[in-house]
file input-v5.cif (mmCIF, C-alpha atoms)
data_coords
#
loop_
_atom_site.label_atom_id
_atom_site.label_comp_id
_atom_site.auth_asym_id
_atom_site.auth_seq_id
_atom_site.Cartn_x
_atom_site.Cartn_y
_atom_site.Cartn_z
CA MET G 234 68.05 80.49 92.52
CA PRO G 235 67.09 79.52 88.97
CA ALA G 236 69.81 78.02 86.80
CA THR G 237 69.07 80.36 83.92
CA SER G 238 68.91 84.13 83.85
CA ARG G 239 67.41 86.74 81.60
CA LEU G 240 70.70 88.65 81.73
CA LEU G 241 73.32 85.98 81.12
CA GLY G 242 73.57 82.94 78.89
CA PRO G 243 73.32 79.52 80.58
CA ALA G 244 77.09 79.09 81.04
CA ALA G 245 77.70 82.57 82.50
CA SER G 246 74.52 82.21 84.56
CA ARG G 247 75.88 79.01 86.08
CA LEU G 248 79.15 80.78 86.92
CA ALA G 249 77.19 83.64 88.55
CA ASP G 250 75.29 81.07 90.64
CA THR G 251 78.60 79.57 91.71
CA VAL G 252 79.86 83.05 92.74
CA CYS G 253 76.69 83.50 94.82
CA SER G 254 77.10 80.09 96.48
CA ILE G 255 80.67 80.92 97.51
CA ILE G 256 79.55 84.29 98.92
CA ALA G 257 76.63 82.78 100.85
CA THR G 258 78.93 80.25 102.51
CA ASP G 259 82.31 81.94 102.84
CA GLY G 260 81.79 85.61 102.02
CA LEU G 261 82.86 87.91 99.21
CA ASP G 262 86.55 87.62 100.10
CA ALA G 263 86.53 83.93 99.24
CA VAL G 264 85.56 84.55 95.60
CA THR G 265 88.49 83.87 93.28
CA VAL G 266 88.54 82.84 89.62
CA ARG G 267 90.10 79.55 90.72
CA GLU G 268 87.35 78.85 93.30
CA VAL G 269 84.60 79.70 90.81
CA ALA G 270 86.13 77.49 88.12
CA SER G 271 86.46 74.63 90.57
CA GLY G 272 82.92 75.14 91.95
CA ALA G 273 81.36 75.24 88.49
CA GLY G 274 83.51 72.36 87.17
CA VAL G 275 85.06 74.37 84.33
CA SER G 276 88.54 75.60 83.49
CA ILE G 277 89.98 78.90 84.71
CA GLY G 278 90.16 79.93 81.05
CA ALA G 279 86.41 79.33 80.66
CA VAL G 280 85.69 81.64 83.63
CA GLN G 281 88.03 84.30 82.19
CA HIS G 282 86.33 83.96 78.82
CA HIS G 283 83.03 85.09 80.35
CA PHE G 284 84.49 87.48 82.94
CA PRO G 285 87.86 89.02 82.00
CA SER G 286 88.37 90.36 85.56
CA LYS G 287 87.18 89.55 89.06
CA ASP G 288 85.33 92.88 89.09
CA ASP G 289 83.45 91.90 85.91
CA MET G 290 82.52 88.62 87.55
CA LEU G 291 81.25 90.27 90.76
CA LEU G 292 79.27 92.86 88.82
CA ALA G 293 77.60 90.16 86.71
CA ALA G 294 76.83 88.10 89.81
CA PHE G 295 75.31 91.10 91.61
CA ARG G 296 73.13 91.89 88.59
CA HIS G 297 72.18 88.21 88.49
CA VAL G 298 71.05 88.10 92.14
CA VAL G 299 69.18 91.43 91.85
CA ASP G 300 67.49 90.16 88.70
CA ASN G 301 66.47 86.93 90.43
CA THR G 302 64.96 88.87 93.34
CA GLU G 303 63.06 91.26 91.09
CA HIS G 304 61.88 88.31 89.00
CA ARG G 305 60.47 86.70 92.15
CA VAL G 306 58.85 89.98 93.19
CA ALA G 307 57.28 90.37 89.74
CA ALA G 308 55.90 86.81 89.94
CA VAL G 309 54.00 87.50 93.20
CA GLU G 310 50.28 87.04 92.58
CA LEU G 311 48.51 90.23 93.54
CA GLY G 312 44.96 90.47 94.77
CA THR G 313 42.71 93.43 95.51
CA ASP G 314 43.88 94.11 99.08
CA VAL G 315 46.83 96.50 98.90
CA ARG G 316 48.18 95.71 102.35
CA GLN G 317 48.23 92.00 101.56
CA ASN G 318 49.92 92.76 98.25
CA LEU G 319 52.63 94.79 99.98
CA ALA G 320 53.09 92.04 102.56
CA ALA G 321 53.50 89.46 99.79
CA ILE G 322 55.98 91.62 97.83
CA LEU G 323 58.10 92.54 100.86
CA ARG G 324 58.16 88.95 102.11
CA GLU G 325 60.17 88.12 98.99
CA LEU G 326 62.91 90.41 100.36
CA LEU G 327 62.99 88.91 103.86
CA PRO G 328 65.13 85.84 104.69
CA LEU G 329 62.10 83.63 105.40
CA ASP G 330 63.39 80.37 103.90
CA GLU G 331 66.70 78.89 102.77
CA VAL G 332 66.47 80.36 99.23
CA ARG G 333 65.71 83.85 100.49
CA LEU G 334 68.29 83.61 103.31
CA ARG G 335 71.01 82.65 100.83
CA GLU G 336 69.94 85.44 98.48
CA ALA G 337 69.78 87.96 101.34
CA LYS G 338 73.33 87.07 102.44
CA VAL G 339 74.61 87.54 98.91
CA TYR G 340 72.64 90.76 98.47
CA VAL G 341 73.93 92.25 101.75
CA ALA G 342 77.52 91.31 100.85
CA PHE G 343 77.31 92.95 97.42
CA ALA G 344 75.42 96.01 98.65
CA ALA G 345 78.00 96.55 101.41
CA ARG G 346 80.75 96.42 98.81
CA ALA G 347 78.76 98.90 96.71
CA ALA G 348 79.57 101.53 99.36
CA THR G 349 83.06 101.71 97.84
CA SER G 350 82.44 100.43 94.28
CA ALA G 351 80.79 102.75 91.74
CA PRO G 352 79.66 99.97 89.31
CA LEU G 353 78.07 97.92 92.12
CA ALA G 354 76.48 101.08 93.57
CA GLU G 355 74.82 101.72 90.21
CA VAL G 356 73.19 98.27 90.30
CA GLN G 357 72.09 98.85 93.90
CA ARG G 358 70.61 102.30 93.10
CA GLY G 359 68.70 100.81 90.16
CA MET G 360 67.19 98.09 92.33
CA LEU G 361 66.28 100.48 95.17
CA ALA G 362 64.71 102.92 92.67
CA ARG G 363 62.60 100.27 90.90
CA ILE G 364 61.33 98.67 94.12
CA THR G 365 60.64 102.08 95.71
CA THR G 366 58.58 103.12 92.68
CA GLU G 367 56.61 99.88 92.79
CA LEU G 368 55.95 100.23 96.51
CA ALA G 369 54.98 103.91 96.13
CA ASP G 370 52.41 102.99 93.47
CA ALA G 371 50.96 100.31 95.76
CA VAL G 372 50.85 102.68 98.74
CA ALA G 373 49.08 105.30 96.58
CA SER G 374 46.43 102.77 95.47
CA GLY G 375 45.99 101.70 99.08
CA ALA G 376 45.28 105.29 100.10
CA GLU G 377 42.90 105.70 97.16
CA GLN G 378 41.03 102.48 98.07
CA ARG G 379 40.48 103.93 101.54
CA GLY G 380 39.37 107.31 100.18
CA ARG G 381 42.48 109.10 101.53
CA THR G 382 44.51 111.73 99.75
CA LEU G 383 48.23 111.06 99.67
CA SER G 384 50.61 113.22 97.65
CA LYS G 385 53.10 111.60 95.29
CA ALA G 386 55.89 112.73 97.62
CA GLY G 387 53.99 111.29 100.58
CA ALA G 388 53.60 107.91 98.85
CA ARG G 389 57.32 107.95 98.05
CA ARG G 390 58.25 108.64 101.66
CA GLU G 391 56.08 105.71 102.78
CA ALA G 392 57.71 103.51 100.15
CA GLU G 393 61.22 104.48 101.28
CA MET G 394 60.33 103.69 104.88
CA LEU G 395 58.73 100.37 103.92
CA LEU G 396 61.86 99.37 102.05
CA ALA G 397 64.05 100.59 104.92
CA VAL G 398 62.10 98.50 107.45
CA THR G 399 62.38 95.42 105.23
CA ASP G 400 66.07 95.96 104.41
CA GLY G 401 66.80 96.70 108.08
CA LEU G 402 65.04 93.55 109.30
CA THR G 403 66.94 91.55 106.68
CA PHE G 404 70.26 93.24 107.48
CA ASP G 405 69.95 92.77 111.26
CA ALA G 406 68.87 89.13 110.82
CA VAL G 407 71.53 88.15 108.28
CA THR G 408 74.44 89.91 109.97
CA SER G 409 73.78 88.42 113.41
CA GLY G 410 74.94 85.08 112.04
CA GLN G 411 72.05 83.04 113.43
CA GLN G 412 69.19 81.29 111.72
CA PRO G 413 66.57 84.04 111.25
CA ASP G 414 63.21 83.57 112.99
CA GLY G 415 61.00 83.80 109.91
CA ARG G 416 57.69 83.94 111.80
CA ARG G 417 58.94 86.81 113.93
CA LEU G 418 60.25 88.75 110.92
CA GLY G 419 56.97 88.28 109.08
CA ALA G 420 55.00 89.40 112.16
CA LEU G 421 57.13 92.54 112.56
CA LEU G 422 56.58 93.41 108.90
CA ASP G 423 52.81 92.92 109.29
CA THR G 424 52.73 95.12 112.40
CA TYR G 425 54.47 97.86 110.48
CA LEU G 426 52.19 97.49 107.45
CA ARG G 427 49.07 97.75 109.59
CA ARG G 428 50.35 101.14 110.76
CA VAL G 429 50.89 102.40 107.24
CA ILE G 430 47.67 101.02 105.76
CA ASP G 431 44.98 100.52 108.38
CA MET V 232 86.46 108.81 115.51
CA PRO V 233 88.46 109.42 118.68
CA ALA V 234 92.15 108.55 118.65
CA THR V 235 91.90 106.54 121.85
CA SER V 236 89.61 103.69 122.74
CA ARG V 237 88.44 102.07 125.92
CA LEU V 238 89.17 98.68 124.37
CA LEU V 239 92.62 99.10 122.87
CA GLY V 240 95.79 100.87 123.92
CA PRO V 241 96.71 104.04 121.99
CA ALA V 242 98.95 102.25 119.47
CA ALA V 243 96.45 99.47 118.66
CA SER V 244 93.65 102.04 118.65
CA ARG V 245 95.49 104.04 116.01
CA LEU V 246 95.93 100.90 113.91
CA ALA V 247 92.18 100.16 114.25
CA ASP V 248 91.43 103.72 113.09
CA THR V 249 93.69 103.15 110.08
CA VAL V 250 91.82 99.92 109.27
CA CYS V 251 88.53 101.86 109.41
CA SER V 252 89.87 104.63 107.15
CA ILE V 253 90.92 102.09 104.53
CA ILE V 254 87.50 100.39 104.69
CA ALA V 255 85.60 103.69 104.43
CA THR V 256 87.53 104.65 101.30
CA ASP V 257 88.35 101.39 99.52
CA GLY V 258 86.33 98.67 101.23
CA LEU V 259 87.17 95.67 103.36
CA ASP V 260 89.03 93.91 100.56
CA ALA V 261 91.67 96.64 100.52
CA VAL V 262 92.73 95.96 104.13
CA THR V 263 96.15 94.29 104.26
CA VAL V 264 98.79 94.31 106.99
CA ARG V 265 101.05 96.20 104.58
CA GLU V 266 98.44 98.91 103.85
CA VAL V 267 97.66 99.34 107.54
CA ALA V 268 101.36 99.63 108.43
CA SER V 269 101.88 102.17 105.68
CA GLY V 270 98.74 104.15 106.61
CA ALA V 271 99.65 104.27 110.30
CA GLY V 272 103.33 104.97 109.60
CA VAL V 273 104.62 101.91 111.46
CA SER V 274 106.44 98.72 110.47
CA ILE V 275 104.67 95.55 109.36
CA GLY V 276 106.19 93.90 112.44
CA ALA V 277 104.53 96.50 114.67
CA VAL V 278 101.12 95.72 113.15
CA GLN V 279 101.72 91.99 113.57
CA HIS V 280 102.79 92.55 117.17
CA HIS V 281 99.32 93.93 117.97
CA PHE V 282 97.35 91.73 115.58
CA PRO V 283 98.95 88.35 114.78
CA SER V 284 96.52 87.71 111.90
CA LYS V 285 94.36 89.77 109.55
CA ASP V 286 91.27 88.27 111.22
CA ASP V 287 92.50 89.49 114.63
CA MET V 288 92.98 92.93 113.15
CA LEU V 289 89.49 93.05 111.58
CA LEU V 290 87.85 91.79 114.77
CA ALA V 291 89.61 94.47 116.84
CA ALA V 292 88.67 97.17 114.32
CA PHE V 293 85.00 96.06 114.32
CA ARG V 294 84.91 96.12 118.15
CA HIS V 295 86.56 99.53 118.00
CA VAL V 296 83.95 101.03 115.64
CA VAL V 297 81.04 99.47 117.59
CA ASP V 298 82.54 100.82 120.81
CA ASN V 299 82.88 104.30 119.33
CA THR V 300 79.25 104.26 118.19
CA GLU V 301 77.95 103.04 121.54
CA HIS V 302 80.13 105.62 123.28
CA ARG V 303 78.53 108.36 121.17
CA VAL V 304 75.05 106.97 121.90
CA ALA V 305 75.79 106.87 125.64
CA ALA V 306 76.97 110.50 125.51
CA VAL V 307 73.64 111.74 124.07
CA GLU V 308 72.06 114.16 126.53
CA LEU V 309 68.59 112.93 127.37
CA GLY V 310 65.66 115.08 128.38
CA THR V 311 62.19 114.24 129.61
CA ASP V 312 60.52 113.75 126.20
CA VAL V 313 60.96 110.11 125.23
CA ARG V 314 60.33 110.64 121.51
CA GLN V 315 62.98 113.34 121.39
CA ASN V 316 65.36 111.07 123.29
CA LEU V 317 64.80 108.24 120.82
CA ALA V 318 65.27 110.66 117.91
CA ALA V 319 68.57 111.86 119.41
CA ILE V 320 69.84 108.31 120.05
CA LEU V 321 68.88 106.94 116.64
CA ARG V 322 70.35 109.99 114.85
CA GLU V 323 73.75 108.81 116.10
CA LEU V 324 73.25 105.69 113.95
CA LEU V 325 72.25 107.53 110.76
CA PRO V 326 74.88 108.84 108.28
CA LEU V 327 74.00 112.50 108.94
CA ASP V 328 77.51 113.99 108.76
CA GLU V 329 80.94 112.96 107.56
CA VAL V 330 81.90 111.24 110.85
CA ARG V 331 78.70 109.19 110.96
CA LEU V 332 78.83 108.45 107.21
CA ARG V 333 82.36 107.09 107.52
CA GLU V 334 81.38 105.06 110.57
CA ALA V 335 78.23 103.76 108.86
CA LYS V 336 80.24 102.59 105.83
CA VAL V 337 82.67 100.75 108.08
CA TYR V 338 79.84 99.30 110.17
CA VAL V 339 77.93 98.04 107.12
CA ALA V 340 81.11 96.48 105.68
CA PHE V 341 81.90 94.63 108.91
CA ALA V 342 78.30 93.61 109.57
CA ALA V 343 77.99 92.22 106.03
CA ARG V 344 81.12 90.16 106.61
CA ALA V 345 79.64 88.98 109.90
CA ALA V 346 77.11 86.98 107.84
CA THR V 347 79.92 84.47 107.19
CA SER V 348 82.25 85.11 110.15
CA ALA V 349 81.32 83.74 113.59
CA PRO V 350 83.63 86.09 115.60
CA LEU V 351 82.34 89.22 113.79
CA ALA V 352 78.73 87.98 114.13
CA GLU V 353 79.24 87.76 117.90
CA VAL V 354 80.26 91.44 118.02
CA GLN V 355 77.28 92.36 115.84
CA ARG V 356 74.81 90.38 118.00
CA GLY V 357 76.18 92.07 121.12
CA MET V 358 75.69 95.52 119.64
CA LEU V 359 72.18 94.77 118.35
CA ALA V 360 71.18 93.29 121.72
CA ARG V 361 72.48 96.24 123.76
CA ILE V 362 70.89 98.88 121.54
CA THR V 363 67.59 96.95 121.33
CA THR V 364 67.43 96.72 125.13
CA GLU V 365 68.13 100.45 125.48
CA LEU V 366 65.47 101.32 122.89
CA ALA V 367 62.94 98.94 124.49
CA ASP V 368 63.44 100.63 127.87
CA ALA V 369 62.89 104.06 126.28
CA VAL V 370 59.78 102.87 124.41
CA ALA V 371 58.38 101.42 127.67
CA SER V 372 58.93 104.74 129.52
CA GLY V 373 57.29 106.59 126.61
CA ALA V 374 54.21 104.39 126.95
CA GLU V 375 54.18 104.88 130.72
CA GLN V 376 54.48 108.68 130.35
CA ARG V 377 51.39 108.59 128.16
CA GLY V 378 49.50 106.31 130.55
CA ARG V 379 49.52 103.37 128.11
CA THR V 380 50.17 99.76 128.96
CA LEU V 381 52.79 98.06 126.85
CA SER V 382 54.04 94.56 127.60
CA LYS V 383 57.78 93.86 127.79
CA ALA V 384 57.47 91.81 124.60
CA GLY V 385 55.57 94.68 122.94
CA ALA V 386 58.28 97.19 123.86
CA ARG V 387 60.89 94.81 122.49
CA ARG V 388 59.03 94.44 119.19
CA GLU V 389 58.85 98.25 118.88
CA ALA V 390 62.57 98.47 119.64
CA GLU V 391 63.45 95.86 117.00
CA MET V 392 61.41 97.74 114.42
CA LEU V 393 62.95 101.10 115.40
CA LEU V 394 66.42 99.64 114.98
CA ALA V 395 65.41 97.99 111.69
CA VAL V 396 64.10 101.30 110.29
CA THR V 397 67.31 103.08 111.31
CA ASP V 398 69.62 100.32 110.06
CA GLY V 399 67.61 100.05 106.84
CA LEU V 400 67.74 103.80 106.16
CA THR V 401 71.50 103.71 106.83
CA PHE V 402 72.01 100.60 104.70
CA ASP V 403 70.03 101.92 101.72
CA ALA V 404 71.79 105.32 101.93
CA VAL V 405 75.33 104.00 102.33
CA THR V 406 75.09 101.26 99.71
CA SER V 407 73.69 103.51 96.99
CA GLY V 408 77.10 105.16 96.76
CA GLN V 409 75.81 108.73 96.83
CA GLN V 410 76.10 111.45 99.44
CA PRO V 411 73.18 110.74 101.82
CA ASP V 412 70.53 113.44 102.17
CA GLY V 413 70.77 113.95 105.93
CA ARG V 414 67.70 116.15 106.24
CA ARG V 415 65.57 113.61 104.42
CA LEU V 416 66.86 110.70 106.52
CA GLY V 417 66.19 112.65 109.73
CA ALA V 418 62.68 113.54 108.54
CA LEU V 419 61.87 109.90 107.68
CA LEU V 420 63.04 108.81 111.13
CA ASP V 421 60.89 111.49 112.77
CA THR V 422 57.83 110.46 110.75
CA TYR V 423 58.30 106.90 111.92
CA LEU V 424 58.85 107.93 115.55
CA ARG V 425 55.65 109.99 115.58
CA ARG V 426 53.79 106.82 114.64
CA VAL V 427 55.30 104.80 117.45
CA ILE V 428 55.02 107.49 120.15
CA ASP V 429 52.27 110.00 119.41
#

call {"tool": "encode", "arguments": {"input": "input-v5.cif", "output": "structure tokens"}}
result
Amino acid sequence: MPATSRLLGPAASRLADTVCSIIATDGLDAVTVREVASGAGVSIGAVQHHFPSKDDMLLAAFRHVVDNTEHRVAAVELGTDVRQNLAAILRELLPLDEVRLREAKVYVAFAARAATSAPLAEVQRGMLARITTELADAVASGAEQRGRTLSKAGARREAEMLLAVTDGLTFDAVTSGQQPDGRRLGALLDTYLRRVID
Amino acid sequence: MPATSRLLGPAASRLADTVCSIIATDGLDAVTVREVASGAGVSIGAVQHHFPSKDDMLLAAFRHVVDNTEHRVAAVELGTDVRQNLAAILRELLPLDEVRLREAKVYVAFAARAATSAPLAEVQRGMLARITTELADAVASGAEQRGRTLSKAGARREAEMLLAVTDGLTFDAVTSGQQPDGRRLGALLDTYLRRVID
């Protein structure tokens, strides 16, 4: 994860990274102001200066990890083949290397907590909506390239399923507590994509 | 969720139900021995008698919710049409009514925690393995019914993707913090199933 963020200044960004490291290793329960201060090598007062409450800190860290993911997705170099573009974008969401595994663990932990936290749920909805729109646009161009007609609603349904497959593969891999088999995950994604865009 | 369980006696089963209610409403963080005792109307000592530590209590509650889900899946009446059977089984895993929404929230919360808890991850792996095997068997019979050849590995890949789609739809719905649109989730599942078994 990059040390700087477009959302937070460098100091708060470093604290958010520390929050994410604690979550990736020990889970969301282990996050305390004291642990974050100690992990980032700053005083408890410095943490509280940036994040008055634990909830503020978690919300900032969730936004930070979502922003990092979307930043990586936006940086994917796209070519002319829509299926390859979708494969490249969705691979950024799968736990295919240590960076993405760590991020996926943190993302799943925050998203799960979003089920009972309105501010975290808002961040999650925003991310799902932006990625779904991006995928729907790609699916629509793919259909166009192949001379097919696909309604806007149809492209959206495909996008929701694509994101569900990717999130489900990530969720099942991350929550089983074993090192994910990246080649297998990538191959499953490709099999699915070949069905959507032949 | 039923008041009794095949895993726990009636008293411990009631405590596990209380744990699940707290998680569905306020999240995993809100679970304390005191809250569970108060919610179940028993003494703190009575909770500690059944579950010496909070981790014991969470593990028992996770097993309890997984057992309830699998019990519901096993009770699905199966017919001769494999696609309809798969649709009926996988619908038990989607948050299509209040019971399944509550269960899905609890499941997602526990599974997310399993990413950093070896005992919870073991429960999660067991559930994923059993459901994947069941789905793979159904997919293989579906292929046979239609006179297709499908290798054991091929059926397993289909099963893993089916479970990923279902888990992903559930995850995205539950974590967005809004009432899931059951009809839409069911329709997305059916669209996917028609692609796997035509």

call {"tool": "interface_residues", "arguments": {"input": "input-v5.cif", "of": "chain G", "to": "chain V", "cutoff": "6 Å", "atoms": "all atoms listed in the file", "output": "list in words"}}
result
Asp259, Gly260, Val341, Ala342, Ala344, Ala345, Ala347, Ala348, Thr349, Ala354, Gln357, Arg358, Ala397, Val398, Asp400, Gly401, Leu402, Val407, Thr408, Ser409 and Gly410 of chain G

call {"tool": "residues_around", "arguments": {"input": "input-v5.cif", "residues": "Asp414 of chain G", "least_positions_apart": "5", "cutoff": "10 Å", "atoms": "all atoms listed in the file", "output": "list in words"}}
result
Pro328, Leu329, Asp330, Ala406 and Gly419 of chain G

call {"tool": "resolve_selection", "arguments": {"input": "input-v5.cif", "expression": "the PyMOL selection byres ((chain V and resi 314) around 9)", "output": "list in words"}}
result
Asp312, Val313, Gln315, Asn316, Leu317, Ala318, Ala319, Ala369, Val370, Gly373, Asp421, Leu424, Arg425, Val427, Ile428 and Asp429 of chain V

call {"tool": "write_last_selection", "arguments": {"input": "input-v5.cif", "atoms": "C-alpha atoms", "output": "JSON list (two decimals), keeping the file's coordinate frame"}}
result
[["chain", "number", "residue", "atom", "x", "y", "z"],
["V", 312, "ASP", "CA", 60.52, 113.75, 126.20],
["V", 313, "VAL", "CA", 60.96, 110.11, 125.23],
["V", 315, "GLN", "CA", 62.98, 113.34, 121.39],
["V", 316, "ASN", "CA", 65.36, 111.07, 123.29],
["V", 317, "LEU", "CA", 64.80, 108.24, 120.82],
["V", 318, "ALA", "CA", 65.27, 110.66, 117.91],
["V", 319, "ALA", "CA", 68.57, 111.86, 119.41],
["V", 369, "ALA", "CA", 62.89, 104.06, 126.28],
["V", 370, "VAL", "CA", 59.78, 102.87, 124.41],
["V", 373, "GLY", "CA", 57.29, 106.59, 126.61],
["V", 421, "ASP", "CA", 60.89, 111.49, 112.77],
["V", 424, "LEU", "CA", 58.85, 107.93, 115.55],
["V", 425, "ARG", "CA", 55.65, 109.99, 115.58],
["V", 427, "VAL", "CA", 55.30, 104.80, 117.45],
["V", 428, "ILE", "CA", 55.02, 107.49, 120.15],
["V", 429, "ASP", "CA", 52.27, 110.00, 119.41]]

call {"tool": "residues_around", "arguments": {"input": "input-v5.cif", "residues": "Ala245 of chain G", "least_positions_apart": "2", "cutoff": "9 Å", "atoms": "all atoms listed in the file", "output": "list in words"}}
result
Leu241, Gly242, Pro243, Arg247, Leu248, Ala249, Asp250, Val280, His283, Phe284 and Ala293 of chain G

call {"tool": "atom_distance", "arguments": {"input": "input-v5.cif", "atom1": "atom CA of Gln410 of chain V", "atom2": "atom CA of Ala261 of chain V"}}
result
21.5 Å

call {"tool": "atom_distance", "arguments": {"input": "input-v5.cif", "atom1": "atom CA of Gly380 of chain G", "atom2": "atom CA of Leu368 of chain G"}}
result
18.4 Å

call {"tool": "atom_distance", "arguments": {"input": "input-v5.cif", "atom1": "atom CA of Pro413 of chain G", "atom2": "atom CA of Arg335 of chain G"}}
result
11.4 Å

call {"tool": "resolve_selection", "arguments": {"input": "input-v5.cif", "expression": "the PyMOL selection byres ((chain G and resi 279) around 12)", "output": "PyMOL selection string"}}
result
chain G and resi 244-245+247-248+266-267+269-271+273-278+280-285

call {"tool": "axis_aligned_box", "arguments": {"input": "input-v5.cif", "around": "segment 413-420 of chain V", "padding_each_side": "8 Å", "output": "JSON"}}
result
{"center_x": 66.3, "center_y": 112.5, "center_z": 107.8, "size_x": 24.9, "size_y": 23.3, "size_z": 22.7}
